[in-house]
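To be precise, the following lines are entry-v9.txt, and they hold compact mmCIF, C-alpha atoms.
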# COMPACT_ATOMS: atom_id res chain seq x y z
CA GLN A 151 -27.30 -54.24 -25.60
CA LEU A 152 -25.81 -54.20 -22.11
CA GLN A 153 -27.78 -52.12 -19.67
CA LEU A 154 -28.88 -51.65 -16.09
CA VAL A 155 -32.31 -50.26 -15.34
CA GLU A 156 -33.31 -48.95 -11.92
CA SER A 157 -36.92 -48.77 -10.78
CA GLY A 158 -38.92 -48.28 -7.61
CA GLY A 159 -38.21 -44.66 -6.85
CA GLY A 160 -40.87 -42.17 -5.91
CA LEU A 161 -42.18 -39.83 -3.26
CA VAL A 162 -42.35 -41.13 0.30
CA GLN A 163 -42.94 -39.52 3.67
CA PRO A 164 -40.19 -39.42 6.30
CA GLY A 165 -40.07 -42.73 8.14
CA GLY A 166 -41.44 -44.58 5.14
CA SER A 167 -39.92 -47.33 3.01
CA LEU A 168 -39.11 -48.00 -0.62
CA ARG A 169 -37.55 -50.89 -2.45
CA LEU A 170 -35.41 -50.13 -5.47
CA SER A 171 -34.67 -52.69 -8.14
CA CYS A 172 -31.76 -52.87 -10.55
CA ALA A 173 -32.38 -55.17 -13.50
CA ALA A 174 -29.65 -56.17 -15.92
CA SER A 175 -30.08 -57.08 -19.55
CA GLY A 176 -27.53 -58.25 -22.05
CA PHE A 177 -25.19 -59.73 -19.46
CA THR A 178 -25.21 -62.07 -16.48
CA LEU A 179 -25.33 -60.04 -13.32
CA GLY A 180 -24.16 -62.96 -11.20
CA TYR A 181 -20.53 -62.38 -12.16
CA TYR A 182 -20.56 -58.76 -11.03
CA VAL A 183 -20.10 -56.77 -7.85
CA ILE A 184 -23.01 -54.32 -7.63
CA GLY A 185 -22.94 -50.91 -6.05
CA TRP A 186 -25.78 -48.55 -5.26
CA PHE A 187 -24.89 -44.88 -5.41
CA ARG A 188 -26.82 -41.67 -4.97
CA GLN A 189 -26.47 -38.05 -5.89
CA ALA A 190 -28.43 -35.33 -4.16
CA PRO A 191 -28.94 -31.89 -5.74
CA GLY A 192 -25.79 -29.84 -5.47
CA LYS A 193 -23.80 -32.69 -3.94
CA GLU A 194 -21.26 -35.19 -5.16
CA ARG A 195 -22.22 -38.75 -5.86
CA GLU A 196 -21.71 -41.06 -2.91
CA GLY A 197 -21.64 -44.80 -2.50
CA VAL A 198 -24.55 -46.27 -0.57
CA SER A 199 -24.04 -50.02 -0.60
CA CYS A 200 -21.93 -52.72 -2.17
CA ILE A 201 -22.68 -56.42 -2.61
CA ASN A 202 -20.48 -59.20 -3.90
CA SER A 203 -21.40 -61.42 -6.82
CA SER A 204 -22.82 -64.25 -4.71
CA GLY A 205 -24.74 -61.93 -2.42
CA ASN A 206 -23.27 -63.18 0.84
CA SER A 207 -21.16 -60.12 1.64
CA THR A 208 -22.27 -56.52 1.80
CA ASN A 209 -21.11 -53.11 2.97
CA TYR A 210 -22.90 -49.85 3.59
CA ALA A 211 -22.19 -46.17 3.97
CA ASP A 212 -22.44 -45.08 7.61
CA SER A 213 -25.32 -42.77 6.73
CA VAL A 214 -27.57 -45.68 5.73
CA LYS A 215 -26.29 -48.51 7.91
CA ASP A 216 -29.08 -50.32 9.78
CA ARG A 217 -31.70 -48.67 7.56
CA PHE A 218 -30.88 -49.95 4.07
CA THR A 219 -30.44 -53.55 2.99
CA VAL A 220 -29.01 -54.69 -0.33
CA SER A 221 -29.79 -58.11 -1.75
CA ARG A 222 -29.71 -59.88 -5.08
CA ASP A 223 -31.49 -62.60 -6.99
CA ASN A 224 -29.04 -63.76 -9.62
CA ALA A 225 -31.65 -66.08 -11.13
CA LYS A 226 -33.70 -62.97 -11.91
CA ASN A 227 -30.63 -60.92 -12.88
CA THR A 228 -31.76 -58.31 -10.38
CA VAL A 229 -30.37 -56.52 -7.33
CA TYR A 230 -32.53 -54.78 -4.74
CA LEU A 231 -32.10 -51.98 -2.24
CA GLN A 232 -34.61 -52.00 0.60
CA MET A 233 -34.73 -48.58 2.21
CA ASN A 234 -36.45 -48.18 5.57
CA SER A 235 -36.81 -45.28 8.00
CA LEU A 236 -36.23 -42.85 5.17
CA LYS A 237 -35.13 -39.32 5.98
CA PRO A 238 -35.35 -36.12 3.93
CA GLU A 239 -31.57 -36.27 3.52
CA ASP A 240 -31.98 -39.54 1.62
CA THR A 241 -33.54 -37.56 -1.23
CA ALA A 242 -31.41 -38.17 -4.32
CA ILE A 243 -31.17 -39.91 -7.64
CA TYR A 244 -30.18 -43.50 -6.95
CA TYR A 245 -28.00 -45.40 -9.39
CA CYS A 246 -26.88 -48.98 -9.57
CA ALA A 247 -23.60 -49.95 -11.16
CA ALA A 248 -21.84 -53.21 -11.97
CA ARG A 249 -18.21 -54.26 -11.95
CA LEU A 250 -16.91 -57.57 -13.29
CA LEU A 251 -15.08 -58.75 -10.19
CA SER A 252 -15.01 -61.81 -7.99
CA LEU A 253 -14.75 -60.98 -4.29
CA LYS A 254 -15.49 -63.23 -1.34
CA LEU A 255 -15.76 -60.38 1.11
CA ILE A 256 -16.87 -56.77 0.80
CA THR A 257 -15.07 -54.99 3.62
CA THR A 258 -15.15 -51.40 2.40
CA MET A 259 -17.25 -49.29 0.08
CA SER A 260 -14.11 -48.60 -1.95
CA GLN A 261 -14.44 -52.11 -3.39
CA CYS A 262 -17.35 -50.72 -5.38
CA SER A 263 -15.28 -48.43 -7.57
CA ASP A 264 -14.21 -48.31 -11.20
CA MET A 265 -17.61 -49.66 -12.15
CA ASP A 266 -18.09 -51.03 -15.66
CA TYR A 267 -21.77 -50.31 -16.24
CA TRP A 268 -24.17 -47.72 -14.86
CA GLY A 269 -27.91 -47.33 -14.90
CA LYS A 270 -29.63 -44.02 -15.57
CA GLY A 271 -30.99 -43.69 -12.07
CA THR A 272 -34.30 -43.45 -10.26
CA LEU A 273 -35.41 -40.46 -8.19
CA VAL A 274 -36.22 -40.90 -4.51
CA THR A 275 -37.86 -37.97 -2.76
CA VAL A 276 -38.46 -38.06 0.98
CA SER A 277 -40.80 -35.28 2.00
CA SER A 278 -43.93 -34.64 4.00

Go ahead and express the file in the form of structure tokens.
Amino acid sequence: QLQLVESGGGLVQPGGSLRLSCAASGFTLGYYVIGWFRQAPGKEREGVSCINSSGNSTNYADSVKDRFTVSRDNAKNTVYLQMNSLKPEDTAIYYCAARLLSLKLITTMSQCSDMDYWGKGTLVTVSS
């Protein structure tokens, strides 16, 4: 069964950090572009970060640039999202998604679209 499972969400105070994980099973994540997305209550889903299959090219939404870092360990079939300096407006359900695509460079977030597989999400709450 092909699936993505996110973990690492929780409650954190403003200014704190969390690391989310996205683990794949049933397929080899190393062939896929991976996007992290989030959806806050009452808002549309937005792209947060995008990483190419080899992990050497990334892109971020302006709202998280310089605070979030995406990385991957293809040997572990896992992608990570390190979130620092968290703000209350980062509160959302975070999803990872995979697209079978070979790209050398990620230059825009739009390259993480038309995703093939989605996880069920993990809730991140930033509150004092």

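If you measure from each of A:Val198, A:Gln151, A:Gly192, A:Gly166 to A:Ser263 using all atoms listed in the file, the closest one turns out to be A:Val198.
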
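Nearest-residue note for A:Thr208: choosing from A:Gln153, A:Thr257, A:Thr275, A:Ser167, the minimum distance belongs to A:Thr257, counting only C-alpha atoms.
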
Which centre and edge lengths in Å to one decimal define the box along x, y and z that fits every listed atom of stretch 232-238 of chain A plus 6 Å per side, as JSON?
{"center_x": -35.7, "center_y": -44.1, "center_z": 4.3, "size_x": 14.2, "size_y": 27.9, "size_z": 19.4}

- For A:Gly165, which residue out of A:Tyr267, A:Ala248, A:Val274, A:Ser235 is the nearest one, using all atoms listed in the file?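 Closest to A:Gly165, using all atoms listed in the file: A:Ser235.
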
- Message: Tell me which residues come within 12 Å of (-14.1, -51.7, -6.0), as a VMD selection string, counting only C-alpha atoms in the file's coordinates.
- Response: chain A and resid 182 to 185 197 199 to 202 209 247 to 253 255 to 266

Residues just named, written with C-alpha atoms as a PDB file, keeping the file's coordinate frame:
ATOM      1  CA  TYR A 182     -20.560 -58.760 -11.030  1.00  0.00           C
ATOM      2  CA  VAL A 183     -20.100 -56.770  -7.850  1.00  0.00           C
ATOM      3  CA  ILE A 184     -23.010 -54.320  -7.630  1.00  0.00           C
ATOM      4  CA  GLY A 185     -22.940 -50.910  -6.050  1.00  0.00           C
ATOM      5  CA  GLY A 197     -21.640 -44.800  -2.500  1.00  0.00           C
ATOM      6  CA  SER A 199     -24.040 -50.020  -0.600  1.00  0.00           C
ATOM      7  CA  CYS A 200     -21.930 -52.720  -2.170  1.00  0.00           C
ATOM      8  CA  ILE A 201     -22.680 -56.420  -2.610  1.00  0.00           C
ATOM      9  CA  ASN A 202     -20.480 -59.200  -3.900  1.00  0.00           C
ATOM     10  CA  ASN A 209     -21.110 -53.110   2.970  1.00  0.00           C
ATOM     11  CA  ALA A 247     -23.600 -49.950 -11.160  1.00  0.00           C
ATOM     12  CA  ALA A 248     -21.840 -53.210 -11.970  1.00  0.00           C
ATOM     13  CA  ARG A 249     -18.210 -54.260 -11.950  1.00  0.00           C
ATOM     14  CA  LEU A 250     -16.910 -57.570 -13.290  1.00  0.00           C
ATOM     15  CA  LEU A 251     -15.080 -58.750 -10.190  1.00  0.00           C
ATOM     16  CA  SER A 252     -15.010 -61.810  -7.990  1.00  0.00           C
ATOM     17  CA  LEU A 253     -14.750 -60.980  -4.290  1.00  0.00           C
ATOM     18  CA  LEU A 255     -15.760 -60.380   1.110  1.00  0.00           C
ATOM     19  CA  ILE A 256     -16.870 -56.770   0.800  1.00  0.00           C
ATOM     20  CA  THR A 257     -15.070 -54.990   3.620  1.00  0.00           C
ATOM     21  CA  THR A 258     -15.150 -51.400   2.400  1.00  0.00           C
ATOM     22  CA  MET A 259     -17.250 -49.290   0.080  1.00  0.00           C
ATOM     23  CA  SER A 260     -14.110 -48.600  -1.950  1.00  0.00           C
ATOM     24  CA  GLN A 261     -14.440 -52.110  -3.390  1.00  0.00           C
ATOM     25  CA  CYS A 262     -17.350 -50.720  -5.380  1.00  0.00           C
ATOM     26  CA  SER A 263     -15.280 -48.430  -7.570  1.00  0.00           C
ATOM     27  CA  ASP A 264     -14.210 -48.310 -11.200  1.00  0.00           C
ATOM     28  CA  MET A 265     -17.610 -49.660 -12.150  1.00  0.00           C
ATOM     29  CA  ASP A 266     -18.090 -51.030 -15.660  1.00  0.00           C
TER      30      ASP A 266
END

- Which residue out of A:Gly180, A:Gly159, A:Pro191, A:Pro164 has the minimum interatomic distance to A:Lys226 when only C-alpha atoms are used? A:Gly180

- Point out the residue among A:Arg217, A:Arg222, A:Arg195, A:Lys254 with the least atom-to-atom distance to A:Leu168, counting all atoms listed in the file.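 The shortest atom-to-atom distance to A:Leu168 comes from A:Arg217.
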
- Item | Who sits within 10 Å of A:Ser175, all atoms listed in the file, same chain under 4 positions skipped, as a list of chain:residue names | A:Gln151, A:Leu152, A:Gln153, A:Leu154, A:Val155, A:Leu179, A:Asn227, A:Thr228

- Query: Which residue, A:Gly269, A:Ala242, A:Ser277, A:Leu231, has the smallest gap to A:Glu196 when you use only C-alpha atoms?
  - Reply: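 Looking at the shortest contact to A:Glu196, the residue is A:Ala242.
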
- One decimal, Å: what's the distance from atom CA of A:Tyr181 over to atom CA of A:Ile243, could you say?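 Answer for the atom CA of A:Tyr181 to atom CA of A:Ile243 separation: 25.3 Å.
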
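What separates atom CA of A:Ser157 from atom CA of A:Ser171 is a distance of 5.2 Å.
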
Grab stretch 165-196 of chain A from that structure and dump C-alpha atoms to a file, as a compact mmCIF listing (two decimals), in the first residue's frame.
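To be explicit, this is the file written out as selection29.txt:
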# COMPACT_ATOMS: atom_id res chain seq x y z
CA GLY A 165 9.58 31.41 18.87
CA GLY A 166 9.91 27.67 19.34
CA SER A 167 10.87 24.93 16.92
CA LEU A 168 9.47 21.68 15.58
CA ARG A 169 10.70 19.13 13.10
CA LEU A 170 8.14 17.37 10.96
CA SER A 171 8.82 14.07 9.26
CA CYS A 172 7.21 12.56 6.19
CA ALA A 173 7.80 8.84 5.84
CA ALA A 174 6.92 6.92 2.71
CA SER A 175 5.95 3.28 2.49
CA GLY A 176 5.20 1.16 -0.52
CA PHE A 177 7.30 3.24 -2.90
CA THR A 178 10.77 4.74 -3.23
CA LEU A 179 10.65 8.36 -2.23
CA GLY A 180 13.96 9.10 -3.94
CA TYR A 181 12.29 9.37 -7.34
CA TYR A 182 9.80 11.99 -6.19
CA VAL A 183 9.61 15.73 -5.76
CA ILE A 184 8.22 16.39 -2.27
CA GLY A 185 6.12 19.33 -1.23
CA TRP A 186 5.06 20.45 2.22
CA PHE A 187 1.71 22.19 2.37
CA ARG A 188 -0.41 23.61 5.16
CA GLN A 189 -3.99 24.55 5.74
CA ALA A 190 -5.05 26.84 8.54
CA PRO A 191 -8.65 26.94 9.82
CA GLY A 192 -10.85 28.82 7.40
CA LYS A 193 -8.06 29.28 4.87
CA GLU A 194 -7.05 27.66 1.62
CA ARG A 195 -4.20 25.21 1.48
CA GLU A 196 -0.87 26.81 0.66
